[in-house]
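First the structure, in the form of structure tokens, and then the observations on it.
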Amino acid sequence: MNNRLTTMLAWDVKLQIRHHIITANIVSTALLCAFITILPFDSLSVDLASFFIYADPALIGLSFVGAMVLMEKSYRVHMALDATPSPPWIYVGSKIITFSFFGTLSGLAVAWVARGTDLNYFYMTLSLFLANTFAVAIGFILVAKSLSMNDLIVKLLIASTVLYIPVVGHFDLAPAVFNMATWLIPSTQILELFNASIDPVWTPMLFVHAAYLTVMTAIAITYGYFAYQTTMANYE
Amino acid sequence: MSAARALLALDLKGITRDAVLITNIGASIVGTLIITIIGIYKADTNWADWFPAMVAMSLITNPPAYGVLFAFLMVDEKDTGVRSALAVTPIAKHTTILTRSTLSVGIMLVWPMISVAIMNSSWQALHIPPLHLFMVVASVALFAPIVTLSVAALASNKVEALSIFKGISFVSLAALALYFVDPNAAYRPAFLLIPASWAIHAFDAFRQGDITSGYWWSAGGILIHVTLLAITIKFYFKQLYKD
């Protein structure tokens, strides 16, 4: 692996420990697991298990990556990085990998408590990593367009509200036309992939969901990278 | 009072500058509308049994969500040196706390009353008088300034503010588990350590027509929040002004 990336990865993990991000994630994951444990069901339904995995672990990086990048901006970290041979993709890549890794671990813990061995962990790991990567990339786009912490909070609130709307359709709580209208919001695909990891039903639509989420994640990463590069990493 | 007014104006400017307050209210309205619209389609099904839990969730999640807006403002002030400047002005130190608390508590006493009325308009599943609902709302409203001050005191930067806020929110949200815990479970009283659980007990007592218990639970909730607020204020001053 690229030596600079390894150094950056280690540094990001250190920062996440130092600023209590990992502690906050452990607390939230533990509480979510405890909550699932006391639910009066032997095994959670597929929809409910997917929802709990989505509720926090799948979107962990969305808010934290933004706050971390803003903090590093105020400490002039980007300016310092600009003077090193380390290209901006190392910075962006390291954040995406570390946040997605810890989000995936948290999601797997929730999945284990919710379903035990009754799910396909290979597909769940892939789905969780893809979902987290998408969320972190969106976080990069939001922070690159934010002038302050409050400005970032505004954007996060709007993004989170939009990303949670498909949950209504997930539980079949609205008419079919609502589900069609929210299909383009990638959380629909994330929830479908979680469902498929728990209860594998191979339909052509599942491949469409996977392809759509992959394409949206690739677009989000590309856009997030260029947004970061033009607004934060360029001091010329 | 002019100092308090000036601070209040400064805070309002701070949280309206980036449309934070408006967006937060907007997000609350969207959440309220979603629950209301679900009610239109599901009020006649067994989903109605879950409506009280949905209301309880909205009641206990609002105070930390609004309280953290002021916390971020205060962490920003720390970063920019405004906090140090305020510390050497003639403005009484309690004035800064009072203005910030008044605004968030004011919002938390009014908005939940409106949102519950809107949600119940489609579900028609909650039959408690406004005074009883107000007691429940009042028993948890002070959690907003508690979140503001504890995050502002504990966090040394924005990332830590977000981490601490997340921890506090999840612990507070854990009170919702009362709806799922076996009523005879030995560990059930442990939930009383979570301040929001008092509001849930009050809400359920009023809902079930046990008015006296409802008032006792509300009074207990208010007392716990006042005590916690006093401790938080002391801690905040100790951390920031080194009293």
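If you're wondering about the labels, chains in the structure tokens are A, B, ... by order shown, residues count from 1 in each chain, ligands from 1 in order shown.
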
Would you mind listing, as a PDB file with C-alpha atoms, in the first residue's frame, all residues of chain B that have at least one atom within 10 Å of chain A, where only C-alpha atoms are what counts?
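Generated output (selection-v6.pdb):
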ATOM      1  CA  GLY B  14     -25.569  33.782  15.150  1.00  0.00           C
ATOM      2  CA  ILE B  15     -28.121  31.043  14.718  1.00  0.00           C
ATOM      3  CA  THR B  16     -30.094  32.786  11.998  1.00  0.00           C
ATOM      4  CA  ARG B  17     -27.016  33.874  10.002  1.00  0.00           C
ATOM      5  CA  ASP B  18     -26.539  30.427   8.505  1.00  0.00           C
ATOM      6  CA  ALA B  19     -30.262  29.655   8.733  1.00  0.00           C
ATOM      7  CA  VAL B  20     -29.480  27.034  11.411  1.00  0.00           C
ATOM      8  CA  LEU B  21     -32.543  27.755  13.512  1.00  0.00           C
ATOM      9  CA  ILE B  22     -34.838  27.932  10.493  1.00  0.00           C
ATOM     10  CA  THR B  23     -33.445  24.668   9.094  1.00  0.00           C
ATOM     11  CA  ASN B  24     -33.772  22.944  12.462  1.00  0.00           C
ATOM     12  CA  GLY B  26     -37.836  23.005   9.083  1.00  0.00           C
ATOM     13  CA  ALA B  27     -36.464  19.534   9.892  1.00  0.00           C
ATOM     14  CA  SER B  28     -38.782  19.316  12.926  1.00  0.00           C
ATOM     15  CA  VAL B  30     -40.794  17.678   8.121  1.00  0.00           C
ATOM     16  CA  GLY B  31     -40.622  15.033  10.878  1.00  0.00           C
ATOM     17  CA  ILE B  34     -44.212  12.662   8.017  1.00  0.00           C
ATOM     18  CA  ILE B  35     -45.784  11.257  11.201  1.00  0.00           C
ATOM     19  CA  ILE B  37     -49.158  11.838   6.839  1.00  0.00           C
ATOM     20  CA  ILE B  38     -48.484   8.277   8.053  1.00  0.00           C
ATOM     21  CA  GLY B  39     -51.472   8.812  10.374  1.00  0.00           C
ATOM     22  CA  ILE B  40     -53.719   9.552   7.413  1.00  0.00           C
ATOM     23  CA  TYR B  41     -53.004   6.075   6.009  1.00  0.00           C
ATOM     24  CA  LYS B  42     -52.356   4.031   9.130  1.00  0.00           C
ATOM     25  CA  TRP B  47     -49.799   1.155  13.960  1.00  0.00           C
ATOM     26  CA  LEU B  69     -27.467  24.746  18.137  1.00  0.00           C
ATOM     27  CA  PHE B  70     -26.450  27.087  20.952  1.00  0.00           C
ATOM     28  CA  PHE B  72     -22.084  24.951  18.470  1.00  0.00           C
ATOM     29  CA  LEU B  73     -22.413  28.718  18.677  1.00  0.00           C
ATOM     30  CA  VAL B  75     -17.840  26.336  20.719  1.00  0.00           C
ATOM     31  CA  ASP B  76     -17.441  28.689  17.759  1.00  0.00           C
ATOM     32  CA  ASP B  79     -12.488  29.151  18.697  1.00  0.00           C
ATOM     33  CA  ALA B 155     -15.806  20.109  23.941  1.00  0.00           C
ATOM     34  CA  SER B 156     -12.558  21.750  23.029  1.00  0.00           C
ATOM     35  CA  ASN B 157     -13.415  21.832  19.310  1.00  0.00           C
ATOM     36  CA  LYS B 158     -16.216  21.180  16.821  1.00  0.00           C
ATOM     37  CA  VAL B 159     -15.478  17.487  16.353  1.00  0.00           C
ATOM     38  CA  GLU B 160     -15.577  16.856  20.083  1.00  0.00           C
ATOM     39  CA  ALA B 161     -18.802  18.887  20.275  1.00  0.00           C
ATOM     40  CA  LEU B 162     -20.393  16.571  17.720  1.00  0.00           C
ATOM     41  CA  SER B 163     -19.083  13.431  19.482  1.00  0.00           C
ATOM     42  CA  ILE B 164     -20.333  14.567  22.897  1.00  0.00           C
ATOM     43  CA  PHE B 165     -23.678  15.599  21.437  1.00  0.00           C
ATOM     44  CA  LYS B 166     -24.054  12.193  19.820  1.00  0.00           C
ATOM     45  CA  GLY B 167     -23.298  10.432  23.117  1.00  0.00           C
ATOM     46  CA  ILE B 168     -25.777  12.597  25.064  1.00  0.00           C
ATOM     47  CA  SER B 169     -28.504  12.179  22.400  1.00  0.00           C
ATOM     48  CA  PHE B 170     -28.199   8.404  22.368  1.00  0.00           C
ATOM     49  CA  VAL B 171     -28.288   8.142  26.151  1.00  0.00           C
ATOM     50  CA  LEU B 173     -33.009   8.373  23.409  1.00  0.00           C
ATOM     51  CA  ALA B 174     -32.440   5.183  25.421  1.00  0.00           C
ATOM     52  CA  ALA B 175     -35.399   6.237  27.598  1.00  0.00           C
ATOM     53  CA  LEU B 176     -37.640   5.118  24.725  1.00  0.00           C
ATOM     54  CA  ALA B 177     -36.703   1.550  25.587  1.00  0.00           C
ATOM     55  CA  LEU B 178     -39.264   1.848  28.407  1.00  0.00           C
ATOM     56  CA  TYR B 179     -41.893   1.079  25.763  1.00  0.00           C
ATOM     57  CA  PHE B 180     -40.258  -2.297  25.120  1.00  0.00           C
ATOM     58  CA  VAL B 181     -38.972  -3.357  28.522  1.00  0.00           C
ATOM     59  CA  ASP B 182     -40.986  -5.901  30.454  1.00  0.00           C
TER      60      ASP B 182
END

Any idea what's packed within 9 Å of A:Met8, counting only C-alpha atoms, ignoring anything in its chain fewer than 2 positions away? Could you give it as a list in words? Asn3, Arg4, Leu5, Thr6, Ala10, Trp11, Asp12, Val13, Ile90, Tyr91, Ser94 and Lys95 of chain A

Point-to-point distance from atom CA of B:Val68 to atom CA of B:Pro195, Å rounded to tenths: 16.9 Å

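Those residues that approach B:Met119 to within 8 Å, counting only C-alpha atoms, are Thr32, Leu33, Ile35, Thr36, Gly39, Ser115, Val116, Ser122 and Trp123 of chain B; same-chain residues fewer than 3 positions away are not listed.
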
Just-selected residues, C-alpha atoms written as a short mmCIF file (atom, residue, chain, number, x, y, z; two decimals), in the first residue's frame:
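Writing done, so here's again-v6.cif:
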data_model
loop_
_atom_site.label_atom_id
_atom_site.label_comp_id
_atom_site.auth_asym_id
_atom_site.auth_seq_id
_atom_site.Cartn_x
_atom_site.Cartn_y
_atom_site.Cartn_z
CA THR B 32 -43.97 16.16 12.26
CA LEU B 33 -45.55 16.15 8.80
CA ILE B 35 -45.78 11.26 11.20
CA THR B 36 -49.00 13.17 10.41
CA GLY B 39 -51.47 8.81 10.37
CA SER B 115 -46.25 19.53 16.79
CA VAL B 116 -48.16 17.04 18.97
CA SER B 122 -54.52 12.64 11.75
CA TRP B 123 -54.01 9.84 14.31
#

So that I can see what lies close to B:Pro130, please list as a ChimeraX atom specification the residues with an atom at most 8 Å from it, counting only C-alpha atoms and leaving out residues fewer than 3 positions away in the same chain. /B:113,133-134

Restricted to C-alpha atoms, what would the selected residues look like written as a PDB file, in the first residue's frame?
ATOM      1  CA  MET B 113     -47.313  21.580  21.961  1.00  0.00           C
ATOM      2  CA  LEU B 133     -49.233  17.694  27.815  1.00  0.00           C
ATOM      3  CA  PHE B 134     -47.636  20.983  28.862  1.00  0.00           C
TER       4      PHE B 134
END

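In this structure, atom CA of B:Pro64 sits 5.2 Å away from atom CA of B:Ala144.
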